[in-house]
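Next comes model02.cif, with mmCIF, C-alpha atoms and all ligand atoms.
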```cif
data_my_file
loop_
_atom_site.label_atom_id
_atom_site.label_comp_id
_atom_site.auth_asym_id
_atom_site.auth_seq_id
_atom_site.Cartn_x
_atom_site.Cartn_y
_atom_site.Cartn_z
CA MET C 1 19.15 8.01 -23.24
CA LYS C 2 21.26 5.19 -21.90
CA THR C 3 23.39 7.48 -19.77
CA SER C 4 20.57 9.25 -17.96
CA SER C 5 18.72 6.04 -17.15
CA ALA C 6 21.95 4.53 -15.82
CA VAL C 7 22.44 7.61 -13.63
CA LEU C 8 18.83 7.44 -12.49
CA GLY C 9 19.31 3.77 -11.64
CA ALA C 10 22.35 4.63 -9.55
CA VAL C 11 20.38 7.34 -7.74
CA ILE C 12 17.54 4.93 -7.00
CA MET C 13 19.91 2.21 -5.82
CA SER C 14 21.71 4.57 -3.44
CA ALA C 15 18.37 5.81 -2.11
CA LEU C 16 17.20 2.23 -1.57
CA ALA C 17 20.43 1.26 0.13
CA ALA C 18 19.91 4.10 2.61
CA CYS C 19 16.60 2.69 3.90
CA SER C 20 16.48 1.84 7.56
CA ALA C 21 13.64 0.14 9.39
CA GLY C 22 10.58 2.30 9.76
CA SER C 23 11.54 5.14 7.45
CA ALA C 24 10.37 5.25 3.87
CA ARG C 25 12.42 6.83 1.12
CA THR C 26 10.58 8.24 -1.85
CA VAL C 27 12.29 8.63 -5.20
CA VAL C 28 10.61 10.52 -8.00
CA PRO C 29 12.05 9.18 -11.25
CA ALA C 30 12.66 11.50 -14.17
CA GLY C 31 11.76 10.69 -17.74
CA VAL C 32 8.36 9.07 -17.32
CA ALA C 33 6.00 9.45 -20.25
CA ALA C 34 4.29 12.78 -20.85
CA GLY C 35 1.02 13.03 -18.95
CA THR C 36 2.24 10.46 -16.45
CA THR C 37 3.79 10.87 -13.06
CA ALA C 38 5.27 8.10 -10.97
CA TRP C 39 7.14 7.71 -7.74
CA THR C 40 8.69 4.89 -5.77
CA THR C 41 8.60 4.45 -2.02
CA HIS C 42 10.76 1.83 -0.38
CA GLY C 43 11.42 0.87 3.20
CA ARG C 44 11.72 -1.82 5.85
CA PHE C 45 9.09 -2.57 8.44
CA ALA C 46 9.78 -1.52 12.02
CA ALA C 47 8.71 -3.21 15.22
CA PRO C 48 5.23 -2.47 16.57
CA THR C 49 6.87 -1.18 19.74
CA ALA C 50 9.09 1.31 17.91
CA ALA C 51 9.29 4.61 19.74
CA LEU C 52 7.56 7.81 18.74
CA PRO C 53 7.49 9.47 16.32
CA LEU C 54 5.59 6.72 14.58
CA PRO C 55 7.58 5.14 11.78
CA ASP C 56 6.23 5.36 8.24
CA LEU C 57 6.25 1.57 8.07
CA ARG C 58 5.32 -0.71 10.89
CA THR C 59 4.35 -4.30 11.37
CA TYR C 60 1.62 -5.24 13.81
CA GLN C 61 2.18 -9.01 13.46
CA PRO C 62 5.91 -9.71 13.05
CA GLU C 63 5.17 -13.42 12.65
CA LEU C 64 3.52 -12.55 9.30
CA VAL C 65 5.46 -9.40 8.34
CA PRO C 66 8.85 -9.67 10.07
CA VAL C 67 10.74 -6.63 11.32
CA GLY C 68 13.13 -5.71 8.52
CA ALA C 69 10.93 -7.15 5.72
CA GLU C 70 10.98 -4.82 2.71
CA ILE C 71 8.27 -3.17 0.69
CA THR C 72 8.59 -1.22 -2.54
CA LEU C 73 5.58 0.73 -3.69
CA VAL C 74 5.45 2.26 -7.17
CA THR C 75 2.55 4.66 -7.70
CA LYS C 76 1.74 5.92 -11.19
CA ARG C 77 -0.75 8.46 -12.34
CA SER C 78 -1.60 8.20 -15.99
CA GLY C 79 -4.44 10.34 -17.27
CA ALA C 80 -7.42 9.91 -14.96
CA GLY C 81 -6.26 6.57 -13.61
CA ALA C 82 -3.71 5.12 -11.23
CA SER C 83 -1.60 2.03 -10.95
CA LEU C 84 0.07 0.69 -7.83
CA THR C 85 2.76 -1.97 -7.88
CA VAL C 86 3.66 -3.53 -4.55
CA THR C 87 6.73 -5.71 -4.03
CA LEU C 88 7.35 -7.51 -0.76
CA ALA C 89 10.56 -9.28 0.28
CA GLY C 90 11.49 -11.10 3.46
CA VAL C 91 7.95 -12.18 4.30
CA ILE C 92 6.39 -15.67 4.61
CA PRO C 93 6.97 -17.90 1.55
CA ASN C 94 4.03 -19.12 -0.54
CA ARG C 95 1.47 -16.97 1.24
CA LEU C 96 -1.34 -14.68 0.08
CA TYR C 97 -0.99 -11.11 1.31
CA THR C 98 -3.86 -8.72 0.67
CA ALA C 99 -3.54 -4.95 0.70
CA HIS C 100 -5.87 -1.96 0.53
CA VAL C 101 -5.46 1.79 0.38
CA HIS C 102 -6.80 3.32 3.60
CA THR C 103 -7.68 6.93 4.37
CA GLY C 104 -5.52 7.54 7.45
CA ALA C 105 -1.79 7.40 8.10
CA CYS C 106 -0.50 4.37 10.01
CA GLY C 107 -1.15 4.53 13.73
CA ALA C 108 0.31 2.94 16.83
CA ASP C 109 -2.86 0.86 16.83
CA PRO C 110 -3.75 -1.09 13.64
CA SER C 111 -7.12 0.67 13.48
CA GLY C 112 -5.39 4.06 13.23
CA SER C 113 -5.31 3.95 9.44
CA GLY C 114 -9.09 4.35 9.37
CA PRO C 115 -11.48 3.06 6.70
CA HIS C 116 -10.75 2.27 3.07
CA TYR C 117 -10.32 5.00 0.50
CA GLN C 118 -13.40 5.03 -1.76
CA GLU C 119 -13.81 6.81 -5.09
CA GLU C 120 -17.54 7.13 -4.33
CA LYS C 121 -17.95 7.42 -0.57
CA ASP C 122 -20.44 5.25 1.28
CA SER C 123 -22.33 7.38 3.83
CA HIS C 124 -22.21 4.37 6.16
CA GLN C 125 -18.71 3.75 7.56
CA PRO C 126 -17.11 1.32 7.94
CA SER C 127 -18.47 0.45 4.53
CA VAL C 128 -19.48 -3.20 4.09
CA ASP C 129 -21.99 -2.71 1.26
CA PRO C 130 -20.70 -4.33 -1.95
CA ALA C 131 -22.15 -1.38 -3.90
CA PHE C 132 -19.32 0.70 -2.40
CA ALA C 133 -16.89 -1.83 -0.90
CA ASN C 134 -15.70 -3.38 -4.14
CA PRO C 135 -12.44 -3.42 -6.10
CA ALA C 136 -13.68 -0.90 -8.67
CA ASN C 137 -14.46 1.70 -5.98
CA GLU C 138 -11.56 0.90 -3.62
CA VAL C 139 -7.99 -0.36 -4.07
CA TRP C 140 -7.73 -4.11 -3.42
CA LEU C 141 -4.55 -5.99 -4.17
CA ASP C 142 -3.70 -9.69 -3.84
CA LEU C 143 -0.04 -10.65 -3.70
CA VAL C 144 1.21 -14.25 -3.49
CA THR C 145 4.81 -14.76 -2.39
CA ASP C 146 7.22 -17.25 -3.90
CA GLY C 147 9.28 -19.85 -2.07
CA ASP C 148 11.76 -17.16 -1.03
CA GLY C 149 9.14 -14.89 0.55
CA ARG C 150 9.12 -12.40 -2.33
CA GLY C 151 6.22 -11.27 -4.45
CA THR C 152 4.94 -8.49 -6.69
CA ALA C 153 1.45 -7.47 -7.71
CA THR C 154 -0.09 -4.53 -9.58
CA VAL C 155 -3.55 -3.06 -9.33
CA THR C 156 -5.01 -0.35 -11.55
CA THR C 157 -7.91 2.02 -11.01
CA ALA C 158 -9.98 4.12 -13.42
CA TRP C 159 -9.62 7.13 -11.11
CA PHE C 160 -6.90 8.91 -9.18
CA PHE C 161 -6.88 9.70 -5.45
CA ARG C 162 -8.28 12.95 -4.08
CA LYS C 163 -5.51 14.99 -2.53
CA GLY C 164 -4.97 14.29 1.16
CA GLU C 165 -7.62 11.57 1.41
CA ALA C 166 -5.56 8.40 0.79
CA ASN C 167 -2.72 8.09 3.27
CA SER C 168 -1.68 4.47 3.77
CA LEU C 169 -1.35 1.01 2.32
CA VAL C 170 -2.48 -1.62 4.84
CA LEU C 171 -1.56 -5.29 4.59
CA HIS C 172 -4.22 -7.72 5.83
CA ALA C 173 -4.06 -11.31 7.00
CA ALA C 174 -6.80 -12.85 4.83
CA LYS C 175 -8.59 -12.73 1.48
CA THR C 176 -10.89 -9.73 1.00
CA HIS C 177 -14.58 -10.53 1.50
CA THR C 178 -17.12 -9.50 -1.12
CA GLU C 179 -20.46 -10.50 0.42
CA PRO C 180 -22.99 -7.99 1.89
CA GLY C 181 -22.19 -7.09 5.49
CA MET C 182 -18.58 -8.28 5.15
CA ALA C 183 -17.41 -6.68 1.90
CA GLY C 184 -13.95 -5.17 2.16
CA LYS C 185 -13.02 -6.96 5.38
CA ALA C 186 -9.86 -9.05 5.13
CA GLY C 187 -8.95 -10.15 8.62
CA ALA C 188 -6.44 -8.41 10.85
CA ARG C 189 -4.36 -5.43 9.79
CA ILE C 190 -0.88 -6.95 9.95
CA ALA C 191 1.32 -4.08 8.68
CA CYS C 192 1.02 -0.53 7.37
CA VAL C 193 2.94 1.91 5.19
CA THR C 194 2.19 5.62 5.39
CA GLU C 195 2.04 6.98 1.84
CA GLN C 196 0.40 10.10 0.42
CA PHE C 197 -1.29 8.67 -2.66
CA GLY C 198 -3.27 11.78 -3.51
CA ARG C 199 -0.46 14.13 -4.50
CU CU C 201 -8.12 -2.71 4.44
#
```
Take the structure from the file and write it as structure tokens.
Amino acid sequence: MKTSSAVLGAVIMSALAACSAGSARTVVPAGVAAGTTAWTTHGRFAAPTAALPLPDLRTYQPELVPVGAEITLVTKRSGAGASLTVTLAGVIPNRLYTAHVHTGACGADPSGSGPHYQEEKDSHQPSVDPAFANPANEVWLDLVTDGDGRGTATVTTAWFFRKGEANSLVLHAAKTHTEPGMAGKAGARIACVTEQFGR
């Protein structure tokens, strides 16, 4: 199927080329394995002061996630599980970026994306109990950039998102804490991408 994948590649490339700051483009590729669905979202981060309506992607700290930096998010559902691959470009070289899936869409304020998505919900929110705030029950991703400010990381989960309940990927400034009372915290929310994970 050389021809169809070449055509698909051309479609994806033209969709990616069309991305402007703040608006995400989602491409649903054909030909993924039976029982699996996957889609790609790509865009460039917009300024925190960008006018309404709120952009799908925005940076809250342009010194860490510059305006115009790119993100590509590939979400796969295979069986009961999920995998997320995040690629950043145009950010700070040789730096750790952490990311989580949050429940709300990106807001004008960094807190607008709400708490973390949890497979088993903690009745106490925000959840800082390691029994709930842990990388098996939430989506935690660590991404280290190279010397050119690019990086890719993949995280997998044993479960898939409930429809409508997982609506953003939030980039944080620091490593994710794991200790009681702090678990899941990872410093400031520095950028956000609105994405409907639970489709
Ligand atoms: Cu978070």
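CA of Arg189 (chain C) is positioned 10.5 Å from CA of Cys106 (chain C).
Of the listed residues (C:Thr59, C:Thr145, C:Thr194, C:Ser168), C:Ser168 comes nearest to ligand CU 201 (chain C); the distances count all atoms listed in the file.
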Q | Shortest interatomic distance to Val144 (chain C) - which of C:Ala89, C:Val74, C:Ala82, C:Ala38, counting only C-alpha atoms | A |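 Nearest candidate to Val144 (chain C) out of C:Ala89, C:Val74, C:Ala82, C:Ala38: C:Ala89.
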Could I get the residues of chain C with an atom no further than 10 Å from an atom of ligand CU 201 (chain C), each paired with its nearest atom pair and that distance in Å to one decimal, using all atoms listed in the file, sorted by chain and residue number, as a Markdown table?
```
| residue | atom | partner | partner_atom | distance |
| --- | --- | --- | --- | --- |
| C:Thr98 | CA | C:CU201 | CU | 8.3 |
| C:Ala99 | CA | C:CU201 | CU | 6.3 |
| C:His100 | CA | C:CU201 | CU | 4.6 |
| C:Val101 | CA | C:CU201 | CU | 6.6 |
| C:His102 | CA | C:CU201 | CU | 6.2 |
| C:Thr103 | CA | C:CU201 | CU | 9.7 |
| C:Ser111 | CA | C:CU201 | CU | 9.7 |
| C:Ser113 | CA | C:CU201 | CU | 8.8 |
| C:Gly114 | CA | C:CU201 | CU | 8.7 |
| C:Pro115 | CA | C:CU201 | CU | 7.0 |
| C:His116 | CA | C:CU201 | CU | 5.8 |
| C:Tyr117 | CA | C:CU201 | CU | 8.9 |
| C:Glu138 | CA | C:CU201 | CU | 9.5 |
| C:Val139 | CA | C:CU201 | CU | 8.8 |
| C:Trp140 | CA | C:CU201 | CU | 8.0 |
| C:Leu141 | CA | C:CU201 | CU | 9.9 |
| C:Ser168 | CA | C:CU201 | CU | 9.7 |
| C:Leu169 | CA | C:CU201 | CU | 8.0 |
| C:Val170 | CA | C:CU201 | CU | 5.8 |
| C:Leu171 | CA | C:CU201 | CU | 7.1 |
| C:His172 | CA | C:CU201 | CU | 6.5 |
| C:Ala173 | CA | C:CU201 | CU | 9.8 |
| C:Thr176 | CA | C:CU201 | CU | 8.3 |
| C:Gly184 | CA | C:CU201 | CU | 6.7 |
| C:Lys185 | CA | C:CU201 | CU | 6.6 |
| C:Ala186 | CA | C:CU201 | CU | 6.6 |
| C:Gly187 | CA | C:CU201 | CU | 8.6 |
| C:Ala188 | CA | C:CU201 | CU | 8.7 |
| C:Arg189 | CA | C:CU201 | CU | 7.1 |
| C:Cys192 | CA | C:CU201 | CU | 9.8 |
```
**Q.** Expected answer as number ranges by chain: all residues with atoms within 10 Å of (16.4, -5.5, 8.2), only C-alpha atoms
**A.** C: 19-22, 43-46, 66-70, 90
Q | Proximity to Glu179 (chain C) - best of C:Phe197, C:Trp39, C:Leu143, C:Val128, all atoms listed in the file | A |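 Closest residue, counting all atoms listed in the file: C:Val128.
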(Q) For a test of reading the model, state the distance in Å between CA of Phe160 (chain C) and CA of Gln118 (chain C), rounded to one decimal. (A)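 CA of Gln118 (chain C) lies at a distance of 10.6 Å from CA of Phe160 (chain C).
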Q: May I have the protein, DNA and RNA residues with any atom at most 9 Å from the point (8.0, -16.9, -2.9), counting only C-alpha atoms, written as a PyMOL selection string?
A: chain C and resi 89+91-95+144-151
Q) What is the CA of Tyr60 (chain C)-CA of Arg199 (chain C) distance in Å, reported with one decimal? A) 26.7 Å
Q.
From the options C:Val27, C:Ala136, C:Ile190, C:Ala158, which residue's atoms come nearest to Tyr97 (chain C), counting only C-alpha atoms?
A.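 Among C:Val27, C:Ala136, C:Ile190, C:Ala158, it is C:Ile190 that comes nearest to Tyr97 (chain C).
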Q: May I ask which of the residues C:Gly181, C:Thr49, C:Thr36, C:Gln61 is the closest one to His124 (chain C), counting only C-alpha atoms?
A: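 With only C-alpha atoms as the atom set, the closest residue is C:Gly181.
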(Q) So that I can see what lies close to Ala131 (chain C), please list as JSON, numbers by chain the residues with an atom at most 9 Å from it, counting all atoms listed in the file and leaving out residues fewer than 3 positions away in the same chain. (A) {"C": [122, 128, 134, 137, 180]}
Q | Proximity to Thr41 (chain C) - best of C:Val86, C:Leu73, C:Ala153, C:Met182, all atoms listed in the file | A | C:Leu73
Can you sort out region 71-102 of chain C so it carries N, CA and C atoms, written as a PDB file, in the frame of the given file?
```pdb
ATOM      1  N   ILE C  71       9.359  -3.448   1.630  1.00  0.00           N
ATOM      2  CA  ILE C  71       8.270  -3.170   0.690  1.00  0.00           C
ATOM      3  C   ILE C  71       8.720  -2.072  -0.271  1.00  0.00           C
ATOM      4  N   THR C  72       8.372  -2.243  -1.522  1.00  0.00           N
ATOM      5  CA  THR C  72       8.590  -1.220  -2.540  1.00  0.00           C
ATOM      6  C   THR C  72       7.234  -0.939  -3.173  1.00  0.00           C
ATOM      7  N   LEU C  73       6.896   0.317  -3.214  1.00  0.00           N
ATOM      8  CA  LEU C  73       5.580   0.730  -3.690  1.00  0.00           C
ATOM      9  C   LEU C  73       5.788   1.718  -4.828  1.00  0.00           C
ATOM     10  N   VAL C  74       5.343   1.357  -6.031  1.00  0.00           N
ATOM     11  CA  VAL C  74       5.450   2.260  -7.170  1.00  0.00           C
ATOM     12  C   VAL C  74       4.047   2.756  -7.504  1.00  0.00           C
ATOM     13  N   THR C  75       3.844   4.050  -7.413  1.00  0.00           N
ATOM     14  CA  THR C  75       2.550   4.660  -7.700  1.00  0.00           C
ATOM     15  C   THR C  75       2.666   5.442  -8.995  1.00  0.00           C
ATOM     16  N   LYS C  76       1.736   5.203  -9.913  1.00  0.00           N
ATOM     17  CA  LYS C  76       1.740   5.920 -11.190  1.00  0.00           C
ATOM     18  C   LYS C  76       0.395   6.570 -11.395  1.00  0.00           C
ATOM     19  N   ARG C  77       0.474   7.804 -11.903  1.00  0.00           N
ATOM     20  CA  ARG C  77      -0.750   8.460 -12.340  1.00  0.00           C
ATOM     21  C   ARG C  77      -0.647   8.589 -13.837  1.00  0.00           C
ATOM     22  N   SER C  78      -1.617   8.024 -14.544  1.00  0.00           N
ATOM     23  CA  SER C  78      -1.600   8.200 -15.990  1.00  0.00           C
ATOM     24  C   SER C  78      -3.001   8.586 -16.434  1.00  0.00           C
ATOM     25  N   GLY C  79      -3.123   9.819 -16.919  1.00  0.00           N
ATOM     26  CA  GLY C  79      -4.440  10.340 -17.270  1.00  0.00           C
ATOM     27  C   GLY C  79      -5.288  10.404 -16.018  1.00  0.00           C
ATOM     28  N   ALA C  80      -6.520   9.868 -16.102  1.00  0.00           N
ATOM     29  CA  ALA C  80      -7.420   9.910 -14.960  1.00  0.00           C
ATOM     30  C   ALA C  80      -7.150   8.776 -13.984  1.00  0.00           C
ATOM     31  N   GLY C  81      -6.398   7.784 -14.397  1.00  0.00           N
ATOM     32  CA  GLY C  81      -6.260   6.570 -13.610  1.00  0.00           C
ATOM     33  C   GLY C  81      -4.974   6.466 -12.811  1.00  0.00           C
ATOM     34  N   ALA C  82      -4.887   5.379 -12.053  1.00  0.00           N
ATOM     35  CA  ALA C  82      -3.710   5.120 -11.230  1.00  0.00           C
ATOM     36  C   ALA C  82      -3.299   3.667 -11.365  1.00  0.00           C
ATOM     37  N   SER C  83      -2.043   3.411 -11.109  1.00  0.00           N
ATOM     38  CA  SER C  83      -1.600   2.030 -10.950  1.00  0.00           C
ATOM     39  C   SER C  83      -0.628   1.972  -9.780  1.00  0.00           C
ATOM     40  N   LEU C  84      -0.770   0.917  -9.004  1.00  0.00           N
ATOM     41  CA  LEU C  84       0.070   0.690  -7.830  1.00  0.00           C
ATOM     42  C   LEU C  84       0.729  -0.663  -7.997  1.00  0.00           C
ATOM     43  N   THR C  85       2.050  -0.698  -7.870  1.00  0.00           N
ATOM     44  CA  THR C  85       2.760  -1.970  -7.880  1.00  0.00           C
ATOM     45  C   THR C  85       3.446  -2.134  -6.528  1.00  0.00           C
ATOM     46  N   VAL C  86       3.123  -3.239  -5.885  1.00  0.00           N
ATOM     47  CA  VAL C  86       3.660  -3.530  -4.550  1.00  0.00           C
ATOM     48  C   VAL C  86       4.582  -4.726  -4.641  1.00  0.00           C
ATOM     49  N   THR C  87       5.786  -4.589  -4.104  1.00  0.00           N
ATOM     50  CA  THR C  87       6.730  -5.710  -4.030  1.00  0.00           C
ATOM     51  C   THR C  87       7.108  -5.916  -2.574  1.00  0.00           C
ATOM     52  N   LEU C  88       6.961  -7.150  -2.121  1.00  0.00           N
ATOM     53  CA  LEU C  88       7.350  -7.510  -0.760  1.00  0.00           C
ATOM     54  C   LEU C  88       8.550  -8.444  -0.818  1.00  0.00           C
ATOM     55  N   ALA C  89       9.436  -8.345   0.151  1.00  0.00           N
ATOM     56  CA  ALA C  89      10.560  -9.280   0.280  1.00  0.00           C
ATOM     57  C   ALA C  89      10.805  -9.526   1.755  1.00  0.00           C
ATOM     58  N   GLY C  90      11.187 -10.755   2.068  1.00  0.00           N
ATOM     59  CA  GLY C  90      11.490 -11.100   3.460  1.00  0.00           C
ATOM     60  C   GLY C  90      10.260 -11.431   4.287  1.00  0.00           C
ATOM     61  N   VAL C  91       9.164 -11.772   3.575  1.00  0.00           N
ATOM     62  CA  VAL C  91       7.950 -12.180   4.300  1.00  0.00           C
ATOM     63  C   VAL C  91       7.770 -13.696   4.172  1.00  0.00           C
ATOM     64  N   ILE C  92       6.614 -14.221   4.562  1.00  0.00           N
ATOM     65  CA  ILE C  92       6.390 -15.670   4.610  1.00  0.00           C
ATOM     66  C   ILE C  92       6.307 -16.231   3.181  1.00  0.00           C
ATOM     67  N   PRO C  93       7.039 -17.301   2.887  1.00  0.00           N
ATOM     68  CA  PRO C  93       6.970 -17.900   1.550  1.00  0.00           C
ATOM     69  C   PRO C  93       5.589 -18.483   1.243  1.00  0.00           C
ATOM     70  N   ASN C  94       5.229 -18.442  -0.027  1.00  0.00           N
ATOM     71  CA  ASN C  94       4.030 -19.120  -0.540  1.00  0.00           C
ATOM     72  C   ASN C  94       2.773 -18.735   0.254  1.00  0.00           C
ATOM     73  N   ARG C  95       2.613 -17.437   0.468  1.00  0.00           N
ATOM     74  CA  ARG C  95       1.470 -16.970   1.240  1.00  0.00           C
ATOM     75  C   ARG C  95       0.766 -15.846   0.489  1.00  0.00           C
ATOM     76  N   LEU C  96      -0.566 -15.793   0.640  1.00  0.00           N
ATOM     77  CA  LEU C  96      -1.340 -14.680   0.080  1.00  0.00           C
ATOM     78  C   LEU C  96      -1.299 -13.507   1.057  1.00  0.00           C
ATOM     79  N   TYR C  97      -0.884 -12.357   0.561  1.00  0.00           N
ATOM     80  CA  TYR C  97      -0.990 -11.110   1.310  1.00  0.00           C
ATOM     81  C   TYR C  97      -1.996 -10.232   0.557  1.00  0.00           C
ATOM     82  N   THR C  98      -2.923  -9.649   1.296  1.00  0.00           N
ATOM     83  CA  THR C  98      -3.860  -8.720   0.670  1.00  0.00           C
ATOM     84  C   THR C  98      -3.535  -7.313   1.156  1.00  0.00           C
ATOM     85  N   ALA C  99      -3.830  -6.333   0.329  1.00  0.00           N
ATOM     86  CA  ALA C  99      -3.540  -4.950   0.700  1.00  0.00           C
ATOM     87  C   ALA C  99      -4.648  -4.049   0.178  1.00  0.00           C
ATOM     88  N   HIS C 100      -4.899  -2.980   0.919  1.00  0.00           N
ATOM     89  CA  HIS C 100      -5.870  -1.960   0.530  1.00  0.00           C
ATOM     90  C   HIS C 100      -5.266  -0.586   0.752  1.00  0.00           C
ATOM     91  N   VAL C 101      -5.782   0.404   0.060  1.00  0.00           N
ATOM     92  CA  VAL C 101      -5.460   1.790   0.380  1.00  0.00           C
ATOM     93  C   VAL C 101      -6.480   2.275   1.409  1.00  0.00           C
ATOM     94  N   HIS C 102      -5.956   2.792   2.531  1.00  0.00           N
ATOM     95  CA  HIS C 102      -6.800   3.320   3.600  1.00  0.00           C
ATOM     96  C   HIS C 102      -6.684   4.842   3.656  1.00  0.00           C
TER      97      HIS C 102
END
```
